[in-house]
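Trainee: Okay, so here is start23.cif, and as you'll see once you scroll down, it has mmCIF, N, CA and C atoms.
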data_coords
loop_
_atom_site.label_atom_id
_atom_site.label_comp_id
_atom_site.auth_asym_id
_atom_site.auth_seq_id
_atom_site.Cartn_x
_atom_site.Cartn_y
_atom_site.Cartn_z
N MET A 24 70.04 159.51 70.67
CA MET A 24 70.86 158.56 69.96
C MET A 24 70.12 157.23 69.81
N GLU A 25 69.65 156.66 70.92
CA GLU A 25 68.94 155.39 70.86
C GLU A 25 67.69 155.50 69.99
N SER A 26 67.01 156.63 70.02
CA SER A 26 65.79 156.77 69.24
C SER A 26 66.07 156.82 67.75
N LEU A 27 67.27 157.18 67.34
CA LEU A 27 67.63 157.22 65.92
C LEU A 27 67.91 155.83 65.37
N VAL A 28 68.28 154.92 66.25
CA VAL A 28 68.68 153.58 65.82
C VAL A 28 67.61 152.58 66.25
N LEU A 29 67.31 151.67 65.33
CA LEU A 29 66.31 150.64 65.58
C LEU A 29 66.94 149.27 65.39
N ILE A 30 66.64 148.37 66.30
CA ILE A 30 67.04 146.97 66.15
C ILE A 30 65.75 146.16 66.17
N ASP A 31 65.43 145.55 65.04
CA ASP A 31 64.19 144.80 64.87
C ASP A 31 64.52 143.56 64.06
N PRO A 32 64.26 142.37 64.61
CA PRO A 32 64.57 141.14 63.88
C PRO A 32 63.93 141.07 62.49
N ALA A 33 62.86 141.80 62.28
CA ALA A 33 62.17 141.77 60.99
C ALA A 33 62.79 142.71 59.96
N ILE A 34 63.74 143.53 60.39
CA ILE A 34 64.39 144.49 59.49
C ILE A 34 65.89 144.18 59.45
N CYS A 35 66.39 143.87 58.28
CA CYS A 35 67.82 143.59 58.07
C CYS A 35 68.37 142.57 59.07
N HIS A 36 67.56 141.56 59.36
CA HIS A 36 67.97 140.46 60.25
C HIS A 36 68.39 140.94 61.64
N GLY A 37 67.82 142.05 62.09
CA GLY A 37 68.10 142.54 63.43
C GLY A 37 69.35 143.39 63.56
N LYS A 38 69.98 143.71 62.43
CA LYS A 38 71.15 144.60 62.51
C LYS A 38 70.67 146.02 62.78
N PRO A 39 71.44 146.82 63.53
CA PRO A 39 71.02 148.19 63.82
C PRO A 39 70.88 149.01 62.54
N VAL A 40 69.73 149.67 62.39
CA VAL A 40 69.46 150.53 61.24
C VAL A 40 69.01 151.89 61.74
N ILE A 41 69.04 152.88 60.84
CA ILE A 41 68.48 154.19 61.16
C ILE A 41 66.96 154.03 61.14
N ARG A 42 66.33 154.44 62.21
CA ARG A 42 64.87 154.30 62.35
C ARG A 42 64.16 154.88 61.13
N GLY A 43 63.19 154.13 60.61
CA GLY A 43 62.42 154.58 59.46
C GLY A 43 63.08 154.28 58.13
N THR A 44 64.24 153.62 58.18
CA THR A 44 64.97 153.26 56.96
C THR A 44 65.44 151.82 57.09
N ARG A 45 66.10 151.36 56.07
CA ARG A 45 66.78 150.06 56.11
C ARG A 45 68.29 150.28 56.00
N VAL A 46 68.74 151.49 56.29
CA VAL A 46 70.16 151.82 56.20
C VAL A 46 70.85 151.37 57.49
N GLN A 47 71.79 150.45 57.33
CA GLN A 47 72.46 149.89 58.49
C GLN A 47 73.54 150.83 59.03
N VAL A 48 73.63 150.86 60.35
CA VAL A 48 74.65 151.68 61.02
C VAL A 48 76.03 151.30 60.51
N SER A 49 76.27 150.01 60.32
CA SER A 49 77.59 149.55 59.87
C SER A 49 77.94 150.10 58.50
N VAL A 50 76.96 150.27 57.63
CA VAL A 50 77.21 150.81 56.30
C VAL A 50 77.63 152.28 56.40
N LEU A 51 76.97 153.02 57.28
CA LEU A 51 77.32 154.43 57.46
C LEU A 51 78.72 154.58 58.03
N VAL A 52 79.02 153.80 59.05
CA VAL A 52 80.35 153.86 59.66
C VAL A 52 81.40 153.43 58.63
N GLY A 53 81.09 152.44 57.82
CA GLY A 53 82.01 152.00 56.78
C GLY A 53 82.29 153.09 55.76
N GLY A 54 81.26 153.83 55.40
CA GLY A 54 81.46 154.95 54.47
C GLY A 54 82.38 156.00 55.05
N LEU A 55 82.19 156.30 56.31
CA LEU A 55 83.05 157.28 56.97
C LEU A 55 84.48 156.76 57.07
N ALA A 56 84.62 155.48 57.41
CA ALA A 56 85.95 154.88 57.51
C ALA A 56 86.65 154.86 56.16
N GLY A 57 85.86 154.78 55.10
CA GLY A 57 86.41 154.78 53.76
C GLY A 57 86.79 156.14 53.24
N GLY A 58 86.56 157.18 54.04
CA GLY A 58 87.00 158.52 53.66
C GLY A 58 85.90 159.49 53.26
N MET A 59 84.65 159.02 53.26
CA MET A 59 83.54 159.93 52.93
C MET A 59 83.31 160.88 54.11
N SER A 60 82.86 162.09 53.82
CA SER A 60 82.51 163.03 54.89
C SER A 60 81.12 162.68 55.40
N VAL A 61 80.78 163.22 56.55
CA VAL A 61 79.44 163.01 57.11
C VAL A 61 78.39 163.49 56.12
N GLU A 62 78.65 164.62 55.51
CA GLU A 62 77.70 165.19 54.55
C GLU A 62 77.54 164.29 53.33
N GLU A 63 78.66 163.72 52.85
CA GLU A 63 78.60 162.82 51.69
C GLU A 63 77.82 161.55 52.01
N VAL A 64 78.05 161.00 53.20
CA VAL A 64 77.33 159.79 53.60
C VAL A 64 75.84 160.09 53.70
N ALA A 65 75.50 161.21 54.32
CA ALA A 65 74.09 161.58 54.46
C ALA A 65 73.43 161.70 53.09
N LYS A 66 74.09 162.37 52.17
CA LYS A 66 73.54 162.55 50.83
C LYS A 66 73.41 161.21 50.10
N GLU A 67 74.43 160.37 50.21
CA GLU A 67 74.45 159.07 49.53
C GLU A 67 73.26 158.20 49.94
N TYR A 68 72.88 158.25 51.21
CA TYR A 68 71.83 157.37 51.72
C TYR A 68 70.52 158.10 52.02
N GLY A 69 70.42 159.35 51.60
CA GLY A 69 69.18 160.10 51.78
C GLY A 69 68.83 160.36 53.23
N LEU A 70 69.85 160.64 54.03
CA LEU A 70 69.66 160.87 55.46
C LEU A 70 70.01 162.30 55.81
N LYS A 71 69.68 162.67 57.04
CA LYS A 71 70.10 163.96 57.59
C LYS A 71 71.46 163.77 58.24
N VAL A 72 72.23 164.83 58.28
CA VAL A 72 73.55 164.78 58.92
C VAL A 72 73.41 164.29 60.37
N GLU A 73 72.37 164.72 61.05
CA GLU A 73 72.15 164.32 62.45
C GLU A 73 71.97 162.81 62.57
N GLN A 74 71.36 162.18 61.56
CA GLN A 74 71.18 160.74 61.60
C GLN A 74 72.51 160.01 61.46
N VAL A 75 73.38 160.52 60.61
CA VAL A 75 74.70 159.91 60.45
C VAL A 75 75.50 160.08 61.73
N ARG A 76 75.46 161.28 62.30
CA ARG A 76 76.17 161.51 63.56
C ARG A 76 75.61 160.62 64.67
N GLY A 77 74.31 160.41 64.68
CA GLY A 77 73.69 159.53 65.67
C GLY A 77 74.16 158.09 65.51
N ALA A 78 74.33 157.66 64.26
CA ALA A 78 74.83 156.31 64.00
C ALA A 78 76.25 156.15 64.54
N VAL A 79 77.07 157.17 64.35
CA VAL A 79 78.45 157.13 64.85
C VAL A 79 78.44 157.12 66.38
N ALA A 80 77.59 157.92 66.97
CA ALA A 80 77.49 157.94 68.43
C ALA A 80 77.03 156.58 68.96
N TYR A 81 76.09 155.96 68.27
CA TYR A 81 75.61 154.64 68.66
C TYR A 81 76.76 153.62 68.59
N ALA A 82 77.49 153.63 67.49
CA ALA A 82 78.61 152.70 67.34
C ALA A 82 79.66 152.95 68.44
N GLY A 83 79.90 154.20 68.75
CA GLY A 83 80.84 154.53 69.82
C GLY A 83 80.39 154.02 71.17
N SER A 84 79.08 154.12 71.43
CA SER A 84 78.56 153.64 72.71
C SER A 84 78.70 152.13 72.83
N LEU A 85 78.57 151.42 71.70
CA LEU A 85 78.78 149.97 71.73
C LEU A 85 80.23 149.64 72.10
N LEU A 86 81.15 150.40 71.55
CA LEU A 86 82.56 150.16 71.85
C LEU A 86 82.88 150.45 73.31
N GLU A 87 82.24 151.47 73.86
CA GLU A 87 82.47 151.80 75.27
C GLU A 87 81.97 150.69 76.19
N GLN A 88 80.98 149.94 75.75
CA GLN A 88 80.41 148.88 76.57
C GLN A 88 81.21 147.58 76.52
N GLU A 89 82.16 147.51 75.57
CA GLU A 89 82.97 146.31 75.43
C GLU A 89 83.77 146.07 76.70
N VAL A 90 83.87 144.81 77.08
CA VAL A 90 84.68 144.42 78.22
C VAL A 90 85.88 143.68 77.66
N HIS A 91 87.05 144.12 78.04
CA HIS A 91 88.27 143.51 77.55
C HIS A 91 88.91 142.71 78.68
N HIS A 92 89.31 141.51 78.34
CA HIS A 92 89.95 140.63 79.32
C HIS A 92 91.37 140.36 78.82
N PRO A 93 92.36 140.93 79.50
CA PRO A 93 93.74 140.70 79.06
C PRO A 93 94.11 139.22 79.17
N LEU A 94 94.87 138.76 78.22
CA LEU A 94 95.35 137.37 78.26
C LEU A 94 96.47 137.27 79.26
N PRO A 95 96.54 136.16 79.95
CA PRO A 95 97.64 136.00 80.91
C PRO A 95 98.98 135.95 80.18
N ALA A 96 99.99 136.48 80.84
CA ALA A 96 101.33 136.54 80.23
C ALA A 96 102.03 135.22 80.32
#
The structure given in the file should be rewritten as structure tokens.
Mentor:
Amino acid sequence: MESLVLIDPAICHGKPVIRGTRVQVSVLVGGLAGGMSVEEVAKEYGLKVEQVRGAVAYAGSLLEQEVHHPLPA
């Protein structure tokens, strides 16, 4: 998963992209959220299905790392 995603300040201002491309993880997740299938997203951006799935896994891992602090009642 980590090897599929690259964060480099010189590429797309450091936003996570699929390694070897300039396709941002957020764009792929947005396509899926908009109703596109994994296969449609892969075809749209010239990627392999595994790369799209890796982007989703990466985004999921970021969410798992989030720390939530409940507001006092």
Trainee: Given all atoms listed in the file, how would the per-residue table for segment 27-49 of chain A near segment 71-78 of chain A read, listing every residue at most 8 Å away with its closest atom pair and distance in Å to one decimal, sorted by chain and number, as CSV?
Mentor:
residue,atom,partner,partner_atom,distance
A:Leu27,CA,A:Gly77,CA,6.5
A:Val28,N,A:Gly77,C,6.7
A:Val40,C,A:Ala78,CA,7.6
A:Ile41,CA,A:Gln74,C,7.1
A:Arg42,N,A:Gln74,CA,8.0
A:Gln47,C,A:Ala78,CA,7.5
A:Val48,CA,A:Ala78,CA,5.5
A:Ser49,N,A:Ala78,CA,7.4
Trainee: Please report, as JSON, the centre and edge lengths in Å to one decimal of an axis-aligned box covering all listed atoms of segment 77-96 of chain A with 6 Å per side.
Mentor:
{"center_x": 87.9, "center_y": 147.8, "center_z": 72.5, "size_x": 40.3, "size_y": 37.2, "size_z": 28.9}
Trainee: As an mmCIF file with N, CA and C atoms, in the coordinates of the input, list the residues of chain A assigned to alpha helix (DSSP H) by DSSP on the backbone atoms of this structure.
Mentor:
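Written file, out-v4.cif:
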data_model
loop_
_atom_site.group_PDB
_atom_site.id
_atom_site.type_symbol
_atom_site.label_atom_id
_atom_site.label_comp_id
_atom_site.auth_asym_id
_atom_site.auth_seq_id
_atom_site.Cartn_x
_atom_site.Cartn_y
_atom_site.Cartn_z
ATOM 1 N N VAL A 48 73.630 150.860 60.350
ATOM 2 C CA VAL A 48 74.650 151.680 61.020
ATOM 3 C C VAL A 48 76.030 151.300 60.510
ATOM 4 N N SER A 49 76.270 150.010 60.320
ATOM 5 C CA SER A 49 77.590 149.550 59.870
ATOM 6 C C SER A 49 77.940 150.100 58.500
ATOM 7 N N VAL A 50 76.960 150.270 57.630
ATOM 8 C CA VAL A 50 77.210 150.810 56.300
ATOM 9 C C VAL A 50 77.630 152.280 56.400
ATOM 10 N N LEU A 51 76.970 153.020 57.280
ATOM 11 C CA LEU A 51 77.320 154.430 57.460
ATOM 12 C C LEU A 51 78.720 154.580 58.030
ATOM 13 N N VAL A 52 79.020 153.800 59.050
ATOM 14 C CA VAL A 52 80.350 153.860 59.660
ATOM 15 C C VAL A 52 81.400 153.430 58.630
ATOM 16 N N GLY A 53 81.090 152.440 57.820
ATOM 17 C CA GLY A 53 82.010 152.000 56.780
ATOM 18 C C GLY A 53 82.290 153.090 55.760
ATOM 19 N N GLY A 54 81.260 153.830 55.400
ATOM 20 C CA GLY A 54 81.460 154.950 54.470
ATOM 21 C C GLY A 54 82.380 156.000 55.050
ATOM 22 N N LEU A 55 82.190 156.300 56.310
ATOM 23 C CA LEU A 55 83.050 157.280 56.970
ATOM 24 C C LEU A 55 84.480 156.760 57.070
ATOM 25 N N ALA A 56 84.620 155.480 57.410
ATOM 26 C CA ALA A 56 85.950 154.880 57.510
ATOM 27 C C ALA A 56 86.650 154.860 56.160
ATOM 28 N N VAL A 61 80.780 163.220 56.550
ATOM 29 C CA VAL A 61 79.440 163.010 57.110
ATOM 30 C C VAL A 61 78.390 163.490 56.120
ATOM 31 N N GLU A 62 78.650 164.620 55.510
ATOM 32 C CA GLU A 62 77.700 165.190 54.550
ATOM 33 C C GLU A 62 77.540 164.290 53.330
ATOM 34 N N GLU A 63 78.660 163.720 52.850
ATOM 35 C CA GLU A 63 78.600 162.820 51.690
ATOM 36 C C GLU A 63 77.820 161.550 52.010
ATOM 37 N N VAL A 64 78.050 161.000 53.200
ATOM 38 C CA VAL A 64 77.330 159.790 53.600
ATOM 39 C C VAL A 64 75.840 160.090 53.700
ATOM 40 N N ALA A 65 75.500 161.210 54.320
ATOM 41 C CA ALA A 65 74.090 161.580 54.460
ATOM 42 C C ALA A 65 73.430 161.700 53.090
ATOM 43 N N LYS A 66 74.090 162.370 52.170
ATOM 44 C CA LYS A 66 73.540 162.550 50.830
ATOM 45 C C LYS A 66 73.410 161.210 50.100
ATOM 46 N N GLU A 67 74.430 160.370 50.210
ATOM 47 C CA GLU A 67 74.450 159.070 49.530
ATOM 48 C C GLU A 67 73.260 158.200 49.940
ATOM 49 N N TYR A 68 72.880 158.250 51.210
ATOM 50 C CA TYR A 68 71.830 157.370 51.720
ATOM 51 C C TYR A 68 70.520 158.100 52.020
ATOM 52 N N VAL A 72 72.230 164.830 58.280
ATOM 53 C CA VAL A 72 73.550 164.780 58.920
ATOM 54 C C VAL A 72 73.410 164.290 60.370
ATOM 55 N N GLU A 73 72.370 164.720 61.050
ATOM 56 C CA GLU A 73 72.150 164.320 62.450
ATOM 57 C C GLU A 73 71.970 162.810 62.570
ATOM 58 N N GLN A 74 71.360 162.180 61.560
ATOM 59 C CA GLN A 74 71.180 160.740 61.600
ATOM 60 C C GLN A 74 72.510 160.010 61.460
ATOM 61 N N VAL A 75 73.380 160.520 60.610
ATOM 62 C CA VAL A 75 74.700 159.910 60.450
ATOM 63 C C VAL A 75 75.500 160.080 61.730
ATOM 64 N N ARG A 76 75.460 161.280 62.300
ATOM 65 C CA ARG A 76 76.170 161.510 63.560
ATOM 66 C C ARG A 76 75.610 160.620 64.670
ATOM 67 N N GLY A 77 74.310 160.410 64.680
ATOM 68 C CA GLY A 77 73.690 159.530 65.670
ATOM 69 C C GLY A 77 74.160 158.090 65.510
ATOM 70 N N ALA A 78 74.330 157.660 64.260
ATOM 71 C CA ALA A 78 74.830 156.310 64.000
ATOM 72 C C ALA A 78 76.250 156.150 64.540
ATOM 73 N N VAL A 79 77.070 157.170 64.350
ATOM 74 C CA VAL A 79 78.450 157.130 64.850
ATOM 75 C C VAL A 79 78.440 157.120 66.380
ATOM 76 N N ALA A 80 77.590 157.920 66.970
ATOM 77 C CA ALA A 80 77.490 157.940 68.430
ATOM 78 C C ALA A 80 77.030 156.580 68.960
ATOM 79 N N TYR A 81 76.090 155.960 68.270
ATOM 80 C CA TYR A 81 75.610 154.640 68.660
ATOM 81 C C TYR A 81 76.760 153.620 68.590
ATOM 82 N N ALA A 82 77.490 153.630 67.490
ATOM 83 C CA ALA A 82 78.610 152.700 67.340
ATOM 84 C C ALA A 82 79.660 152.950 68.440
ATOM 85 N N GLY A 83 79.900 154.200 68.750
ATOM 86 C CA GLY A 83 80.840 154.530 69.820
ATOM 87 C C GLY A 83 80.390 154.020 71.170
ATOM 88 N N SER A 84 79.080 154.120 71.430
ATOM 89 C CA SER A 84 78.560 153.640 72.710
ATOM 90 C C SER A 84 78.700 152.130 72.830
ATOM 91 N N LEU A 85 78.570 151.420 71.700
ATOM 92 C CA LEU A 85 78.780 149.970 71.730
ATOM 93 C C LEU A 85 80.230 149.640 72.100
ATOM 94 N N LEU A 86 81.150 150.400 71.550
ATOM 95 C CA LEU A 86 82.560 150.160 71.850
ATOM 96 C C LEU A 86 82.880 150.450 73.310
ATOM 97 N N GLU A 87 82.240 151.470 73.860
ATOM 98 C CA GLU A 87 82.470 151.800 75.270
ATOM 99 C C GLU A 87 81.970 150.690 76.190
ATOM 100 N N GLN A 88 80.980 149.940 75.750
ATOM 101 C CA GLN A 88 80.410 148.880 76.570
ATOM 102 C C GLN A 88 81.210 147.580 76.520
#
Trainee: As a PyMOL selection string, please: the residues near Cys35 of chain A (cut-off 10 Å, only C-alpha atoms, same-chain neighbours under 3 positions excluded).
Mentor: chain A and resi 30-32+38-40+45-47
Trainee: As an exercise, work out the distance from atom CA of Glu89 of chain A to atom CA of Ala65 of chain A in Å and give it to one decimal place.
Mentor: 27.4 Å
Trainee: Report the distance between atom CA of Gly43 of chain A and atom CA of Gly69 of chain A in Å, rounded to one decimal place.
Mentor: 11.6 Å
Trainee: Report, in Å to a single decimal, how far apart atom CA of Leu51 of chain A and atom CA of Val64 of chain A are.
Mentor: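 Separation between atom CA of Val64 of chain A and atom CA of Leu51 of chain A: 6.6 Å.
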Trainee: Just checking: using only C-alpha atoms, which residue out of A:Pro93, A:Val79, A:Gly37, A:Val50 ends up closest to Glu67 of chain A?
Mentor: A:Val50
Trainee: Using DSSP secondary structure from the backbone, list all strand (DSSP E) positions within chain A, as a list in words.
Mentor: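 Taking chain A and keeping strand (DSSP E) only, one gets Val28, Leu29, Val40 and Ile41 of chain A.
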